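S.K.: Here you go, protein.cif (mmCIF, C-alpha atoms):
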data_model
loop_
_atom_site.label_atom_id
_atom_site.label_comp_id
_atom_site.auth_asym_id
_atom_site.auth_seq_id
_atom_site.Cartn_x
_atom_site.Cartn_y
_atom_site.Cartn_z
CA ASN A 1 -220.00 -10.27 12.98
CA ALA A 2 -218.29 -13.20 11.23
CA GLY A 3 -219.17 -15.88 13.82
CA VAL A 4 -216.69 -18.78 13.80
CA THR A 5 -214.04 -18.76 11.10
CA GLN A 6 -211.63 -21.55 10.19
CA THR A 7 -208.59 -21.65 7.96
CA PRO A 8 -207.57 -23.31 5.74
CA LYS A 9 -210.63 -24.81 4.02
CA PHE A 10 -208.65 -27.71 2.58
CA ARG A 11 -205.16 -29.06 3.02
CA ILE A 12 -203.16 -32.05 1.86
CA LEU A 13 -200.36 -33.19 4.18
CA LYS A 14 -197.70 -35.81 3.82
CA ILE A 15 -197.24 -38.34 6.60
CA GLY A 16 -195.08 -36.87 9.35
CA GLN A 17 -195.69 -33.24 8.45
CA SER A 18 -197.13 -30.82 10.95
CA MET A 19 -199.70 -28.07 10.64
CA THR A 20 -201.95 -25.79 12.63
CA LEU A 21 -205.65 -25.44 11.98
CA GLN A 22 -206.81 -21.97 12.84
CA CYS A 23 -210.11 -21.10 14.53
CA ALA A 24 -211.38 -17.71 15.62
CA GLN A 25 -214.69 -16.42 16.96
CA ASP A 26 -215.91 -12.87 17.45
CA MET A 27 -218.85 -13.58 19.75
CA ASN A 28 -216.89 -13.30 23.01
CA HIS A 29 -217.70 -16.92 23.85
CA ASN A 30 -215.78 -18.54 26.67
CA TYR A 31 -216.29 -22.11 25.47
CA MET A 32 -214.54 -23.36 22.34
CA TYR A 33 -214.32 -26.86 20.89
CA TRP A 34 -212.57 -28.89 18.22
CA TYR A 35 -214.36 -31.84 16.62
CA ARG A 36 -213.49 -34.25 13.88
CA GLN A 37 -216.12 -35.72 11.60
CA ASP A 38 -215.63 -39.03 9.85
CA PRO A 39 -218.21 -40.53 7.48
CA GLY A 40 -220.98 -42.37 9.32
CA MET A 41 -219.44 -41.65 12.71
CA GLY A 42 -220.91 -38.31 13.74
CA LEU A 43 -218.64 -35.79 15.43
CA LYS A 44 -216.05 -36.63 18.04
CA LEU A 45 -214.67 -34.05 20.47
CA ILE A 46 -210.89 -33.64 20.30
CA TYR A 47 -210.22 -30.81 22.75
CA TYR A 48 -212.20 -28.08 24.39
CA SER A 49 -211.55 -24.88 26.30
CA VAL A 50 -213.63 -23.05 28.89
CA GLY A 51 -211.63 -19.84 28.70
CA ALA A 52 -208.27 -18.32 27.87
CA GLY A 53 -205.48 -20.43 29.33
CA ILE A 54 -207.75 -23.41 30.12
CA THR A 55 -207.96 -26.45 27.87
CA ASP A 56 -208.85 -30.09 28.36
CA LYS A 57 -208.99 -33.33 26.41
CA GLY A 58 -212.10 -34.62 24.75
CA GLU A 59 -212.85 -38.10 23.48
CA VAL A 60 -210.11 -38.39 20.83
CA PRO A 61 -207.13 -36.14 21.76
CA ASN A 62 -204.23 -38.38 20.69
CA GLY A 63 -202.06 -36.81 18.00
CA TYR A 64 -203.33 -33.28 18.61
CA ASN A 65 -202.49 -30.30 20.78
CA VAL A 66 -204.25 -27.02 21.48
CA SER A 67 -203.63 -23.70 23.14
CA ARG A 68 -205.91 -20.82 24.10
CA SER A 69 -204.00 -17.62 24.70
CA THR A 70 -206.93 -15.34 23.89
CA THR A 71 -210.72 -15.57 24.10
CA GLU A 72 -210.99 -15.30 20.34
CA ASP A 73 -208.53 -17.91 19.06
CA PHE A 74 -208.28 -21.67 19.55
CA PRO A 75 -205.75 -23.27 17.19
CA LEU A 76 -205.40 -27.03 16.78
CA ARG A 77 -201.93 -28.43 16.17
CA LEU A 78 -201.07 -31.69 14.42
CA GLU A 79 -197.43 -32.52 15.11
CA LEU A 80 -196.84 -35.71 13.09
CA ALA A 81 -199.62 -36.20 10.60
CA ALA A 82 -200.88 -39.74 10.10
CA PRO A 83 -203.38 -41.14 7.57
CA SER A 84 -205.80 -41.77 10.47
CA GLN A 85 -206.06 -38.00 10.86
CA THR A 86 -207.67 -37.63 7.44
CA SER A 87 -210.99 -36.08 8.38
CA VAL A 88 -213.07 -32.93 8.41
CA TYR A 89 -212.33 -30.73 11.39
CA PHE A 90 -214.90 -28.39 12.91
CA CYS A 91 -214.34 -25.67 15.43
CA ALA A 92 -217.27 -24.46 17.54
CA SER A 93 -217.95 -21.97 20.30
CA SER A 94 -220.68 -21.32 22.83
CA TYR A 95 -221.53 -19.01 25.69
CA SER A 96 -222.19 -21.85 28.12
CA ILE A 97 -222.80 -25.60 28.18
CA LYS A 98 -226.52 -25.35 27.58
CA GLU A 99 -226.34 -22.66 24.96
CA THR A 100 -226.08 -23.24 21.24
CA GLN A 101 -222.72 -24.23 19.83
CA TYR A 102 -221.89 -22.23 16.72
CA PHE A 103 -219.84 -24.12 14.18
CA GLY A 104 -217.29 -22.95 11.67
CA PRO A 105 -217.39 -24.10 8.03
CA GLY A 106 -214.80 -26.83 8.60
CA THR A 107 -211.31 -27.75 7.40
CA ARG A 108 -210.96 -30.79 5.17
CA LEU A 109 -207.62 -32.51 5.79
CA LEU A 110 -206.14 -35.28 3.70
CA VAL A 111 -203.00 -37.04 4.93
CA LEU A 112 -201.18 -39.09 2.32
CA ALA B 1 -221.51 -44.58 29.51
CA GLN B 2 -223.60 -41.88 27.94
CA SER B 3 -224.58 -42.39 24.32
CA VAL B 4 -226.86 -41.18 21.58
CA THR B 5 -228.51 -43.52 19.09
CA GLN B 6 -230.10 -42.34 15.89
CA LEU B 7 -232.22 -45.03 14.27
CA GLY B 8 -231.69 -45.13 10.53
CA SER B 9 -228.63 -43.72 8.83
CA HIS B 10 -230.75 -42.85 5.79
CA VAL B 11 -234.40 -41.78 5.66
CA SER B 12 -236.25 -41.02 2.45
CA VAL B 13 -239.61 -39.25 2.29
CA SER B 14 -241.73 -37.71 -0.44
CA GLU B 15 -242.21 -33.97 -0.61
CA GLY B 16 -245.17 -33.05 1.60
CA ALA B 17 -244.90 -36.18 3.74
CA LEU B 18 -244.22 -36.36 7.45
CA VAL B 19 -240.59 -36.32 8.53
CA LEU B 20 -239.71 -38.39 11.59
CA LEU B 21 -236.08 -38.76 12.66
CA ARG B 22 -235.52 -40.85 15.76
CA CYS B 23 -233.10 -40.18 18.60
CA ASN B 24 -232.66 -42.08 21.85
CA TYR B 25 -230.11 -41.33 24.52
CA SER B 26 -228.73 -42.94 27.61
CA SER B 27 -227.77 -40.76 30.54
CA SER B 28 -227.54 -41.08 34.29
CA VAL B 29 -228.43 -37.40 34.75
CA PRO B 30 -230.97 -35.14 33.04
CA PRO B 31 -229.34 -34.04 29.79
CA TYR B 32 -229.61 -31.07 27.52
CA LEU B 33 -230.75 -32.21 24.08
CA PHE B 34 -230.05 -30.72 20.67
CA TRP B 35 -230.77 -31.31 17.01
CA TYR B 36 -228.32 -29.91 14.48
CA VAL B 37 -228.57 -29.91 10.69
CA GLN B 38 -225.68 -30.07 8.23
CA TYR B 39 -226.10 -29.12 4.60
CA PRO B 40 -223.52 -30.44 2.11
CA ASN B 41 -220.03 -29.01 2.59
CA GLN B 42 -221.15 -26.80 5.45
CA GLY B 43 -220.82 -26.70 9.21
CA LEU B 44 -223.59 -27.64 11.59
CA GLN B 45 -226.35 -25.28 12.61
CA LEU B 46 -228.82 -25.58 15.44
CA LEU B 47 -232.38 -26.62 14.66
CA LEU B 48 -233.69 -26.72 18.22
CA LYS B 49 -232.74 -27.56 21.77
CA TYR B 50 -234.25 -28.70 25.05
CA THR B 51 -232.75 -27.63 28.36
CA THR B 52 -235.62 -27.34 30.85
CA GLY B 53 -239.31 -26.50 30.87
CA ALA B 54 -241.77 -27.41 28.14
CA THR B 55 -240.98 -30.80 26.66
CA LEU B 56 -242.27 -29.95 23.17
CA VAL B 57 -239.70 -27.73 21.53
CA LYS B 58 -240.19 -25.81 18.30
CA GLY B 59 -237.26 -24.97 16.09
CA ILE B 60 -236.45 -23.35 12.80
CA ASN B 61 -237.85 -24.34 9.41
CA GLY B 62 -240.99 -25.92 10.91
CA PHE B 63 -239.21 -28.66 12.87
CA GLU B 64 -240.12 -29.68 16.38
CA ALA B 65 -239.06 -32.32 18.88
CA GLU B 66 -240.50 -33.75 22.08
CA PHE B 67 -238.45 -34.77 25.08
CA LYS B 68 -239.88 -37.97 26.56
CA LYS B 69 -238.02 -38.82 29.72
CA SER B 70 -239.76 -42.17 30.23
CA GLU B 71 -238.71 -43.27 26.73
CA THR B 72 -235.31 -41.48 26.81
CA SER B 73 -236.18 -40.11 23.39
CA PHE B 74 -236.00 -36.81 21.54
CA HIS B 75 -237.44 -37.51 18.10
CA LEU B 76 -237.47 -34.79 15.45
CA THR B 77 -240.58 -34.20 13.33
CA LYS B 78 -241.86 -31.95 10.60
CA PRO B 79 -245.43 -32.27 9.29
CA SER B 80 -244.63 -31.64 5.64
CA ALA B 81 -241.22 -32.22 4.03
CA HIS B 82 -239.76 -29.73 1.61
CA MET B 83 -237.02 -30.35 -0.93
CA SER B 84 -234.80 -27.91 0.96
CA ASP B 85 -234.93 -30.19 4.04
CA ALA B 86 -232.58 -32.67 2.38
CA ALA B 87 -229.53 -32.69 4.65
CA GLU B 88 -227.89 -34.68 7.42
CA TYR B 89 -229.36 -34.36 10.90
CA PHE B 90 -227.52 -34.92 14.14
CA CYS B 91 -228.97 -35.48 17.58
CA ALA B 92 -226.69 -34.47 20.44
CA VAL B 93 -226.68 -34.65 24.21
CA SER B 94 -224.85 -32.23 26.46
CA LEU B 95 -223.56 -33.76 29.64
CA PRO B 96 -221.33 -32.59 32.46
CA LEU B 97 -217.66 -33.12 31.76
CA GLY B 98 -214.92 -32.44 34.29
CA GLY B 99 -217.32 -30.78 36.70
CA SER B 100 -219.55 -28.05 35.31
CA GLN B 101 -218.08 -27.99 31.84
CA GLY B 102 -220.17 -29.36 29.03
CA ASN B 103 -219.51 -31.75 26.21
CA LEU B 104 -221.71 -32.59 23.24
CA ILE B 105 -222.11 -36.30 22.49
CA PHE B 106 -223.32 -36.67 18.90
CA GLY B 107 -225.26 -39.43 17.28
CA LYS B 108 -223.94 -40.81 14.01
CA GLY B 109 -226.37 -38.78 11.96
CA THR B 110 -229.36 -39.45 9.72
CA LYS B 111 -229.24 -38.41 6.10
CA LEU B 112 -232.65 -37.20 4.93
CA SER B 113 -233.59 -37.43 1.27
CA VAL B 114 -236.73 -35.77 -0.08
CA LYS B 115 -238.25 -37.12 -3.28
CA PRO B 116 -240.30 -34.84 -5.55
#
Let's see the structure in the file written out as structure tokens.

M.R.:
Amino acid sequence: NAGVTQTPKFRILKIGQSMTLQCAQDMNHNYMYWYRQDPGMGLKLIYYSVGAGITDKGEVPNGYNVSRSTTEDFPLRLELAAPSQTSVYFCASSYSIKETQYFGPGTRLLVL
Amino acid sequence: AQSVTQLGSHVSVSEGALVLLRCNYSSSVPPYLFWYVQYPNQGLQLLLKYTTGATLVKGINGFEAEFKKSETSFHLTKPSAHMSDAAEYFCAVSLPLGGSQGNLIFGKGTKLSVKP
């Protein structure tokens, strides 16, 4: 039981490049989330999903896209990387809204 | 708008001293409340949570928190700090979003240092 896994751990992008951050969970959770963490700002929700085929925007969705074709996977897509997207990205999953969210180890992204 | 305020971005205590990390929230509906801990270069893990029932909640590693509705607070305490408690702590509120779906609103975090 690996929990929530994220790849890559670290990536450097040039402005305008695109990439996909991968997230997978093996706990059969319906709810999955993407957050970004910036120093001194806590975590901000980017997108979330309540099940396969269902996604919705969080607080800071601009510049990102998601898809949820399976229960296990919830990739986050950056189409045109900008320096403002330099951050640490965390994926999380939970069984329901009042249950614990389990977090992955994070992806550190640097856009230059 | 709903929000979470953590008083003090940095708190420093001596080993063996009381740990008190403050969290206040604003919400128009009864929230679910969480404390998460983040060790350096790691993801977040749950310390404790309040959903319903008893307002004093015990968590892992000797931490506990009390939900006080009249004060809209959910402060985190530990009677005796240990060096291994040095980490960043996040208070979070879960509120309805788009109907029955949930969304965690995080505070900005409090970094706890423990002095020998």

S.K.: Taking all atoms listed in the file into account, name the residue in B:Ser94, B:Thr77, B:Ser113, B:Ser84 that is nearest to Leu18 in chain B.

M.R.: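 Checking each of B:Ser94, B:Thr77, B:Ser113, B:Ser84 against Leu18 in chain B, counting all atoms listed in the file, the winner is B:Thr77.
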
S.K.: Step by step, work through what the PyMOL selection byres ((chain A and resi 33) around 9) selects in the shown file, and finish by giving those residues as a short mmCIF file (atom, residue, chain, number, x, y, z; two decimals) with C-alpha atoms, in the frame of the given file.

M.R.:
data_model
loop_
_atom_site.label_atom_id
_atom_site.label_comp_id
_atom_site.auth_asym_id
_atom_site.auth_seq_id
_atom_site.Cartn_x
_atom_site.Cartn_y
_atom_site.Cartn_z
CA TYR A 31 -216.29 -22.11 25.47
CA MET A 32 -214.54 -23.36 22.34
CA TRP A 34 -212.57 -28.89 18.22
CA TYR A 35 -214.36 -31.84 16.62
CA LEU A 45 -214.67 -34.05 20.47
CA ILE A 46 -210.89 -33.64 20.30
CA TYR A 47 -210.22 -30.81 22.75
CA TYR A 48 -212.20 -28.08 24.39
CA SER A 49 -211.55 -24.88 26.30
CA VAL A 50 -213.63 -23.05 28.89
CA GLY A 58 -212.10 -34.62 24.75
CA PHE A 74 -208.28 -21.67 19.55
CA PHE A 90 -214.90 -28.39 12.91
CA CYS A 91 -214.34 -25.67 15.43
CA ALA A 92 -217.27 -24.46 17.54
CA SER A 93 -217.95 -21.97 20.30
CA SER A 94 -220.68 -21.32 22.83
CA GLN A 101 -222.72 -24.23 19.83
CA ASN B 103 -219.51 -31.75 26.21
#

S.K.: I'd like the box whose edges run along x, y and z of the file and which contains every listed atom of range 30-48 of chain A, padded by 6 Å per side; could you state its centre and edge lengths in Å, one decimal, as AutoDock Vina command-line options?

M.R.:
--center_x -215.6 --center_y -30.5 --center_z 17.1 --size_x 22.8 --size_y 35.8 --size_z 31.2

S.K.: Give one line per residue of chain A that approaches chain B to at most 7 Å, naming the two atoms of the closest pair and their distance in Å to one decimal, counting all atoms listed in the file; sort by chain then ascending residue number and deliver it as a Markdown table.

M.R.:
| residue | atom | partner | partner_atom | distance |
| --- | --- | --- | --- | --- |
| A:Gly40 | CA | B:Lys108 | CA | 5.8 |
| A:Met41 | CA | B:Lys108 | CA | 4.8 |
| A:Gly42 | CA | B:Lys108 | CA | 3.9 |
| A:Leu43 | CA | B:Phe106 | CA | 5.9 |
| A:Ile97 | CA | B:Gly102 | CA | 4.7 |
| A:Lys98 | CA | B:Tyr32 | CA | 6.5 |
| A:Thr100 | CA | B:Leu46 | CA | 6.8 |
| A:Tyr102 | CA | B:Gln45 | CA | 6.8 |
| A:Phe103 | CA | B:Gly43 | CA | 5.7 |
| A:Gly104 | CA | B:Gly43 | CA | 5.7 |
| A:Pro105 | CA | B:Gly43 | CA | 4.5 |
| A:Gly106 | CA | B:Gly43 | CA | 6.1 |

S.K.: Determine, counting only C-alpha atoms, which protein, DNA and RNA residues have an atom within 8 Å of an atom of range 12-17 of chain B; residues of the same chain fewer than 4 positions away are not included. Present the result as a VMD selection string.

M.R.: chain B and resid 79 to 83 112 to 116

S.K.: Excluding same-chain residues fewer than 6 positions from His75 in chain B, what lies within 9 Å of it counting all atoms listed in the file, as a VMD selection string?

M.R.: chain B and resid 20 to 24 64 to 68 91

S.K.: Using all atoms listed in the file, give me every residue within 7 Å of (-210.2, -24.1, 11.8) in file coordinates, as a compact mmCIF listing (two decimals) with C-alpha atoms, in the coordinates of the input.

M.R.:
# COMPACT_ATOMS: atom_id res chain seq x y z
CA THR A 5 -214.04 -18.76 11.10
CA GLN A 6 -211.63 -21.55 10.19
CA THR A 7 -208.59 -21.65 7.96
CA PRO A 8 -207.57 -23.31 5.74
CA LEU A 21 -205.65 -25.44 11.98
CA GLN A 22 -206.81 -21.97 12.84
CA CYS A 23 -210.11 -21.10 14.53
CA TYR A 89 -212.33 -30.73 11.39
CA PHE A 90 -214.90 -28.39 12.91
CA CYS A 91 -214.34 -25.67 15.43
CA GLY A 106 -214.80 -26.83 8.60
CA THR A 107 -211.31 -27.75 7.40

S.K.: CA of Pro39 in chain A and CA of Ile60 in chain B, how far apart in Å?

M.R.: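 CA of Pro39 in chain A lies 25.6 Å from CA of Ile60 in chain B.
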
S.K.: Could you tell me how far CA of Lys57 in chain A sits from CA of Glu79 in chain A, in Å to one decimal place?

M.R.: 16.2 Å

S.K.: Could you check which residues have any atom within 6 Å of (-209.4, -18.6, 22.6), counting only C-alpha atoms with coordinates taken straight from the file, and then list them as a VMD selection string?

M.R.: chain A and resid 52 68 to 74

S.K.: So how many Å separate CA of Met19 in chain A and CA of Ser84 in chain A, to one decimal?

M.R.: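 Going from CA of Met19 in chain A over to CA of Ser84 in chain A, I get 15.0 Å.
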
S.K.: What do you get, as a PyMOL selection string, if you spell out every residue that the PyMOL selection byres ((chain A and resi 78) around 12) selects here?

M.R.: chain A and resi 13-22+46+61-66+75-77+79-86+89+109+111
